[in-house]
>>> print(open('run.cif').read())   # mmCIF, C-alpha atoms
data_coords
loop_
_atom_site.label_atom_id
_atom_site.label_comp_id
_atom_site.auth_asym_id
_atom_site.auth_seq_id
_atom_site.Cartn_x
_atom_site.Cartn_y
_atom_site.Cartn_z
CA MET A 1095 109.14 81.62 98.35
CA THR A 1096 107.37 84.40 100.25
CA ARG A 1097 103.91 84.71 101.68
CA LYS A 1098 101.73 87.56 102.80
CA LEU A 1099 100.51 86.20 106.12
CA LEU A 1100 96.90 87.26 106.50
CA SER A 1101 95.44 83.86 107.38
CA GLU A 1102 92.43 83.28 109.59
CA GLU A 1103 93.75 82.60 113.06
CA LEU A 1104 92.47 79.95 115.42
CA THR A 1105 92.87 80.09 119.19
CA GLU A 1106 93.64 76.78 120.83
CA PRO A 1107 92.41 75.89 124.36
CA SER A 1108 95.91 76.46 125.68
CA GLY A 1109 95.76 80.08 124.54
CA VAL A 1110 98.39 79.55 121.85
CA VAL A 1111 97.46 81.30 118.62
CA SER A 1112 97.57 78.90 115.67
CA THR A 1113 97.21 79.40 111.94
CA GLY A 1114 96.21 75.76 111.44
CA TRP A 1115 99.38 75.18 109.42
CA GLU A 1116 101.51 73.57 112.12
CA THR A 1117 102.01 69.85 111.68
CA SER A 1118 104.34 67.26 113.17
CA LYS A 1119 104.31 65.05 110.07
CA LYS A 1120 104.28 65.39 106.29
CA LEU A 1121 101.05 66.74 104.88
CA PHE A 1122 101.08 64.42 101.88
CA GLN A 1123 101.55 60.69 102.37
CA PRO A 1124 99.48 57.55 101.75
CA GLY A 1125 96.24 57.59 103.73
CA ALA A 1126 96.18 61.38 104.20
CA ILE A 1127 93.53 63.69 102.74
CA TYR A 1128 94.00 66.19 99.93
CA PRO A 1129 93.54 69.03 100.48
CA PRO A 1130 94.50 68.75 104.16
CA PRO A 1131 91.44 69.41 106.36
CA ALA A 1132 93.15 72.31 108.16
CA HIS A 1133 93.55 74.10 104.81
CA ILE A 1134 89.99 73.64 103.52
CA PRO A 1135 88.66 76.84 105.20
CA ARG A 1136 91.48 78.78 103.53
CA LEU A 1137 90.73 77.30 100.10
CA ALA A 1138 87.02 77.99 100.54
CA ARG A 1139 87.83 81.59 101.46
CA TYR A 1140 89.77 81.93 98.20
CA LYS A 1141 86.75 80.72 96.22
CA ARG A 1142 84.31 83.01 98.04
CA GLY A 1143 86.63 85.98 97.59
CA ARG A 1144 86.96 85.34 93.86
CA ILE A 1145 83.18 85.02 93.49
CA ILE A 1146 82.66 88.40 95.16
CA PHE A 1147 85.51 90.02 93.21
CA ASP A 1148 83.99 88.78 89.94
CA GLY A 1149 80.64 90.34 90.88
CA ARG A 1150 78.79 87.00 91.21
CA HIS A 1151 77.13 87.98 94.47
CA PRO A 1152 73.95 85.88 94.10
CA GLU A 1153 76.13 82.77 94.34
CA ILE A 1154 77.02 83.57 97.96
CA TYR A 1155 73.60 84.93 98.97
CA ASP A 1156 72.68 81.71 100.79
CA ARG A 1157 75.85 81.87 102.87
CA ALA A 1158 75.22 85.51 103.74
CA SER A 1159 71.66 84.61 104.75
CA SER A 1160 72.84 81.80 107.03
CA LEU A 1161 75.36 84.09 108.74
CA LEU A 1162 72.81 86.88 109.33
CA LYS A 1163 69.69 84.84 110.07
CA ASP A 1164 70.01 85.22 113.87
CA THR A 1165 70.95 88.90 113.80
CA PRO A 1166 68.80 92.07 113.78
CA HIS A 1167 69.42 92.28 110.02
CA ALA A 1168 67.67 89.00 109.22
CA ALA A 1169 64.36 90.65 108.29
CA GLN A 1170 66.02 92.81 105.64
CA LEU A 1171 67.31 89.75 103.78
CA LYS A 1172 63.73 88.88 102.79
CA THR A 1173 62.90 92.31 101.38
CA LEU A 1174 65.92 93.70 99.56
CA PHE A 1175 69.06 92.44 97.89
CA ILE A 1176 71.33 94.90 96.09
CA ALA A 1177 74.79 93.80 95.00
CA VAL A 1178 77.47 96.45 94.54
CA ASN A 1179 80.88 95.22 93.44
CA LEU A 1180 82.97 97.37 95.76
CA MET A 1181 85.72 94.76 96.12
CA ASP A 1182 86.88 95.30 92.53
CA ILE A 1183 87.29 99.03 93.15
CA LEU A 1184 88.84 98.64 96.59
CA LEU A 1185 91.50 96.22 95.34
CA THR A 1186 92.24 97.51 91.86
CA LYS A 1187 92.81 101.10 92.97
CA PRO A 1188 95.64 100.33 95.43
CA ALA A 1189 97.26 98.06 92.84
CA ASP A 1190 97.08 100.86 90.27
CA LEU A 1191 98.54 103.38 92.73
CA LEU A 1192 101.36 101.01 93.68
CA THR A 1193 102.45 100.17 90.14
CA GLY A 1194 100.99 102.97 87.99
CA GLU A 1195 104.41 104.57 88.07
CA PRO A 1196 106.79 101.60 87.80
CA PRO A 1197 108.83 101.14 90.98
CA THR A 1198 112.60 101.37 90.82
CA PHE A 1199 114.88 98.53 91.87
CA GLU A 1200 118.38 99.54 92.95
CA SER A 1201 121.39 97.34 93.59
CA GLY A 1202 123.20 100.01 95.59
CA LYS A 1203 126.22 99.72 93.29
CA GLY A 1204 125.52 102.64 90.97
CA SER A 1205 123.47 102.99 87.80
CA ASP A 1206 126.35 101.93 85.49
CA SER A 1207 127.45 98.93 87.50
CA ARG A 1208 127.20 95.33 86.33
CA GLU A 1209 125.05 94.50 89.35
CA GLN A 1210 122.49 97.16 88.41
CA GLU A 1211 122.47 95.97 84.81
CA ARG A 1212 121.73 92.41 85.90
CA LEU A 1213 119.06 93.56 88.35
CA ASP A 1214 117.32 95.60 85.65
CA SER A 1215 117.40 92.54 83.40
CA ILE A 1216 115.84 90.33 86.07
CA VAL A 1217 113.07 92.90 86.66
CA GLU A 1218 112.33 93.20 82.96
CA GLU A 1219 112.53 89.50 82.05
CA ASN A 1220 110.22 88.53 84.90
CA ASP A 1221 107.85 91.50 84.40
CA LEU A 1222 107.92 92.24 88.13
CA THR A 1223 105.79 95.38 87.87
CA GLN A 1224 102.88 93.53 86.27
CA MET A 1225 103.30 90.61 88.65
CA THR A 1226 103.17 92.98 91.62
CA HIS A 1227 99.93 94.49 90.30
CA GLU A 1228 98.36 91.03 89.99
CA LEU A 1229 99.62 89.88 93.41
CA VAL A 1230 98.13 92.92 95.14
CA ILE A 1231 94.69 92.26 93.64
CA GLY A 1232 94.82 88.50 94.16
CA GLY A 1233 96.19 88.82 97.67
CA GLY A 1234 93.40 91.28 98.44
CA TYR A 1235 90.50 88.95 97.79
CA ARG A 1236 92.30 85.76 98.87
CA GLY A 1237 94.37 87.00 101.81
CA ASP A 1238 97.48 85.19 100.55
CA SER A 1239 99.95 85.55 97.69
CA PHE A 1240 102.94 83.36 96.89
CA ILE A 1241 105.91 83.68 94.55
CA LYS A 1242 108.56 81.15 93.62
CA THR A 1243 112.12 81.97 92.62
CA TYR A 1244 114.50 79.54 90.97
CA TYR A 1245 117.41 79.37 88.55
CA ALA A 1246 116.59 77.49 85.36
CA ALA A 1247 116.07 77.76 81.64
CA ARG A 1248 113.10 79.92 80.78
CA ALA A 1249 112.31 78.04 77.57
CA ASP A 1250 110.49 74.71 77.94
CA VAL A 1251 112.09 72.32 75.44
CA SER A 1252 110.42 69.14 76.72
CA GLU A 1253 108.13 68.84 73.69
CA THR A 1254 111.06 69.31 71.32
CA GLU A 1255 112.99 66.53 73.07
CA ALA A 1256 109.89 64.28 73.14
CA LEU A 1257 109.77 64.48 69.34
CA GLY A 1258 113.42 63.43 69.13
CA LEU A 1259 114.58 66.80 67.84
CA ASP A 1260 117.67 68.69 68.90
CA ALA A 1261 116.62 71.24 71.49
CA PRO A 1262 118.05 74.75 71.16
CA ASP A 1263 120.41 75.96 73.83
CA ALA A 1264 118.44 77.48 76.68
CA PRO A 1265 120.58 79.57 79.05
CA LEU A 1266 119.93 79.37 82.77
CA GLU A 1267 118.59 82.53 84.39
CA PRO A 1268 116.77 83.73 87.53
CA ILE A 1269 113.04 83.13 87.23
CA ILE A 1270 110.47 84.75 89.51
CA GLU A 1271 106.83 83.75 89.07
CA ALA A 1272 103.58 83.74 90.97
CA VAL A 1273 102.23 80.42 92.21
CA PRO A 1274 98.45 79.89 92.55
CA ALA A 1275 97.72 80.18 96.24
CA ASN A 1276 95.24 77.29 96.18
CA ILE A 1277 98.00 74.76 95.43
CA VAL A 1278 100.48 76.03 98.05
CA PHE A 1279 100.48 74.29 101.45
CA PRO A 1280 103.03 75.69 103.94
CA GLU A 1281 104.16 73.83 107.03
CA LEU A 1282 105.06 76.15 109.89
CA SER A 1283 107.77 75.23 112.34
CA LYS A 1284 106.46 74.15 115.71
CA GLY A 1285 106.01 77.14 117.99
CA SER A 1286 106.58 79.73 115.24
CA ARG A 1287 104.21 81.82 113.12
CA LYS A 1288 106.91 83.09 110.76
CA LYS A 1289 109.32 80.20 110.20
CA PHE A 1290 108.53 77.45 107.71
CA LYS A 1291 109.99 73.95 107.85
CA ALA A 1292 108.62 73.10 104.40
CA ILE A 1293 106.59 74.62 101.58
CA ASN A 1294 104.53 72.23 99.47
CA ILE A 1295 103.24 73.00 96.01
CA ALA A 1296 100.67 70.30 95.29
CA TRP A 1297 98.36 70.02 92.31
CA ILE A 1298 96.26 67.37 90.56
CA ASP A 1299 96.89 65.91 87.11
CA TRP A 1300 94.17 63.85 85.45
CA ILE A 1301 95.79 60.98 83.54
CA VAL A 1302 94.03 58.84 80.94
CA GLU A 1303 94.75 55.15 81.57
CA PRO A 1304 93.63 52.06 79.65
CA GLY A 1305 90.60 50.19 80.92
CA GLY A 1306 87.56 51.64 82.62
CA LYS A 1307 84.06 52.78 81.76
CA VAL A 1308 84.84 55.82 79.61
CA ILE A 1309 84.89 55.13 75.86
CA ARG A 1310 87.19 57.35 73.82
CA TRP A 1311 85.34 58.92 70.89
CA LEU A 1312 88.28 58.68 68.48
CA THR A 1313 89.43 55.10 69.10
CA GLY A 1314 86.49 53.44 70.81
CA ASN A 1315 88.83 52.05 73.47
CA PRO A 1316 87.70 51.92 77.11
CA VAL A 1317 89.77 54.19 79.33
CA SER A 1318 89.65 55.70 82.79
CA VAL A 1319 90.66 59.20 83.88
CA VAL A 1320 92.65 58.89 87.10
CA PRO A 1321 93.68 61.79 89.38
CA TYR A 1322 97.32 61.94 90.48
CA LEU A 1323 98.72 64.34 93.06
CA ASN A 1324 102.02 66.01 92.15
CA VAL A 1325 103.91 67.36 95.15
CA GLU A 1326 106.87 69.73 94.90
CA ARG A 1327 108.16 69.87 98.46
CA HIS A 1328 110.64 72.64 99.25
CA ILE A 1329 112.83 71.98 102.28
CA PRO A 1330 116.12 73.71 103.20
CA GLY A 1331 118.70 72.76 100.57
CA TYR A 1332 116.47 70.43 98.56
CA ILE A 1333 113.34 70.12 96.44
CA VAL A 1334 111.59 66.75 96.73
CA TYR A 1335 109.27 65.69 93.91
CA GLU A 1336 106.60 63.11 94.71
CA ARG A 1337 103.56 61.71 92.94
CA TYR A 1338 100.60 59.87 94.47
CA LYS A 1339 97.50 58.21 93.10
CA LEU A 1340 94.27 59.74 94.44
CA GLU A 1341 90.86 58.31 95.25
CA ASP A 1342 87.77 60.52 95.26
CA ARG A 1343 86.21 60.90 98.71
CA GLY A 1344 83.51 63.49 98.05
CA VAL A 1345 82.91 67.23 98.23
CA ASP A 1346 83.28 69.40 101.34
CA THR A 1347 80.59 72.12 101.44
CA GLU A 1348 80.90 73.13 105.09
CA TRP A 1349 82.42 76.53 104.28
CA GLY A 1350 79.86 77.74 101.74
CA VAL A 1351 81.55 76.60 98.51
CA PRO A 1352 82.32 73.12 97.16
CA VAL A 1353 85.85 71.83 97.73
CA ASP A 1354 86.69 68.45 96.16
CA THR A 1355 88.52 66.10 98.52
CA TYR A 1356 90.59 62.98 97.87
CA THR A 1357 92.32 60.20 99.76
CA ILE A 1358 96.03 59.92 98.96
CA GLY A 1359 96.98 56.46 97.74
CA GLU A 1360 100.24 54.77 96.85
CA LYS A 1361 103.33 56.73 95.84
CA SER A 1362 104.21 56.30 92.17
CA ARG A 1363 107.25 58.57 91.82
CA TYR A 1364 109.97 60.09 93.99
CA ARG A 1365 113.08 62.15 93.24
CA THR A 1366 115.06 65.00 94.78
CA ARG A 1367 116.95 67.97 93.44
#
>>> encode(input="run.cif", output="structure tokens")
Amino acid sequence: MTRKLLSEELTEPSGVVSTGWETSKKLFQPGAIYPPPAHIPRLARYKRGRIIFDGRHPEIYDRASSLLKDTPHAAQLKTLFIAVNLMDILLTKPADLLTGEPPTFESGKGSDSREQERLDSIVEENDLTQMTHELVIGGGYRGDSFIKTYYAARADVSETEALGLDAPDAPLEPIIEAVPANIVFPELSKGSRKKFKAINIAWIDWIVEPGGKVIRWLTGNPVSVVPYLNVERHIPGYIVYERYKLEDRGVDTEWGVPVDTYTIGEKSRYRTR
């Protein structure tokens, strides 16, 4: 997994520059907060960047006003507001220039070699040119982009197996895919800004469980919709899969956009690979 490191930096009293990603313990465990408080400014920045990129400037007008209210420009905020979506142009153009003519990927073994043939296949099957275009744009307004590489079957046969049917053979192959930056939580090694001790991919699933105050329209049965946190923790040599029950703890609006927060409860699943 790679990352374009353009995070907001914080300066600690000791003078040591910190990204806010260093931690001496696991980010996700019972009693902790999701998303981790140190990552909330980053997640809020993603949301603000996407709002601006989409041209929805009035939605961040209040934040702009609060930032400029004590500056010489404060008076202008009351008289004129013109939104020009420059971010779209500034980010799309470099992405177009970078991938308009598809880049070449060379193995160094010659155009007729088996290595080059396999490399060309990996590039084509994973659509690396299109992915690069999307990562450049997304990384531009977020500041971060992540990709995940693994060796597995590309076809998902879980639904076939769930129905009790014989799943077709799915060959294993290299898979390279983008991961949404808002569900990636790196843990930097202590004293380093480039070395990671773990990379966490953590996202929420909403599971319908029996009992509760919500009445299903089809069956009339009372149910509850419960959030669960799925954690895919990448450490050297292993991938650890964990699942935790979540409890709602409110919405953080300190950074100009709403970020839902939860308290991590008991662990319901654990396995390694």
>>> residues_around(input="run.cif", residues="stretch 1196-1206 of chain A", least_positions_apart="6", cutoff="12 Å", atoms="all atoms listed in the file", output="compact mmCIF listing (two decimals) with C-alpha atoms, in the frame of the given file")
# COMPACT_ATOMS: atom_id res chain seq x y z
CA ALA A 1189 97.26 98.06 92.84
CA ASP A 1190 97.08 100.86 90.27
CA ARG A 1212 121.73 92.41 85.90
CA LEU A 1213 119.06 93.56 88.35
CA ASP A 1214 117.32 95.60 85.65
CA SER A 1215 117.40 92.54 83.40
CA ILE A 1216 115.84 90.33 86.07
CA VAL A 1217 113.07 92.90 86.66
CA GLU A 1218 112.33 93.20 82.96
CA ASP A 1221 107.85 91.50 84.40
CA LEU A 1222 107.92 92.24 88.13
CA THR A 1223 105.79 95.38 87.87
CA GLN A 1224 102.88 93.53 86.27
CA MET A 1225 103.30 90.61 88.65
CA THR A 1226 103.17 92.98 91.62
CA HIS A 1227 99.93 94.49 90.30
>>> closest_residue(input="run.cif", among="A:Val1273, A:Val1319, A:Val1230, A:Val1351", to="A:Trp1297", atoms="all atoms listed in the file")
A:Val1273
>>> atom_distance(input="run.cif", atom1="atom CA of A:Thr1357", atom2="atom CA of A:Pro1321")
10.6 Å
>>> atom_distance(input="run.cif", atom1="atom CA of A:Lys1242", atom2="atom CA of A:Glu1271")
5.5 Å
>>> residues_around(input="run.cif", residues="A:Leu1340", least_positions_apart="2", cutoff="10 Å", atoms="all atoms listed in the file", output="list in words")
Pro1124, Gly1125, Ile1127, Tyr1128, Ile1298, Asp1299, Trp1300, Val1320, Pro1321, Tyr1322, Leu1323, Arg1337, Tyr1338, Asp1342, Arg1343, Thr1355, Tyr1356, Thr1357, Ile1358, Gly1359, Glu1360 and Lys1361 of chain A
>>> write_last_selection(input="run.cif", atoms="C-alpha atoms", output="PDB file, keeping the file's coordinate frame")
ATOM      1  CA  PRO A1124      99.480  57.550 101.750  1.00  0.00           C
ATOM      2  CA  GLY A1125      96.240  57.590 103.730  1.00  0.00           C
ATOM      3  CA  ILE A1127      93.530  63.690 102.740  1.00  0.00           C
ATOM      4  CA  TYR A1128      94.000  66.190  99.930  1.00  0.00           C
ATOM      5  CA  ILE A1298      96.260  67.370  90.560  1.00  0.00           C
ATOM      6  CA  ASP A1299      96.890  65.910  87.110  1.00  0.00           C
ATOM      7  CA  TRP A1300      94.170  63.850  85.450  1.00  0.00           C
ATOM      8  CA  VAL A1320      92.650  58.890  87.100  1.00  0.00           C
ATOM      9  CA  PRO A1321      93.680  61.790  89.380  1.00  0.00           C
ATOM     10  CA  TYR A1322      97.320  61.940  90.480  1.00  0.00           C
ATOM     11  CA  LEU A1323      98.720  64.340  93.060  1.00  0.00           C
ATOM     12  CA  ARG A1337     103.560  61.710  92.940  1.00  0.00           C
ATOM     13  CA  TYR A1338     100.600  59.870  94.470  1.00  0.00           C
ATOM     14  CA  ASP A1342      87.770  60.520  95.260  1.00  0.00           C
ATOM     15  CA  ARG A1343      86.210  60.900  98.710  1.00  0.00           C
ATOM     16  CA  THR A1355      88.520  66.100  98.520  1.00  0.00           C
ATOM     17  CA  TYR A1356      90.590  62.980  97.870  1.00  0.00           C
ATOM     18  CA  THR A1357      92.320  60.200  99.760  1.00  0.00           C
ATOM     19  CA  ILE A1358      96.030  59.920  98.960  1.00  0.00           C
ATOM     20  CA  GLY A1359      96.980  56.460  97.740  1.00  0.00           C
ATOM     21  CA  GLU A1360     100.240  54.770  96.850  1.00  0.00           C
ATOM     22  CA  LYS A1361     103.330  56.730  95.840  1.00  0.00           C
TER      23      LYS A1361
END
>>> resolve_selection(input="run.cif", expression="the PyMOL selection byres ((chain A and resi 1274) around 10)", output="list in words")
Gly1232, Asp1238, Ser1239, Phe1240, Ile1241, Glu1271, Ala1272, Val1273, Ala1275, Asn1276, Ile1277, Val1278, Ile1295 and Trp1297 of chain A
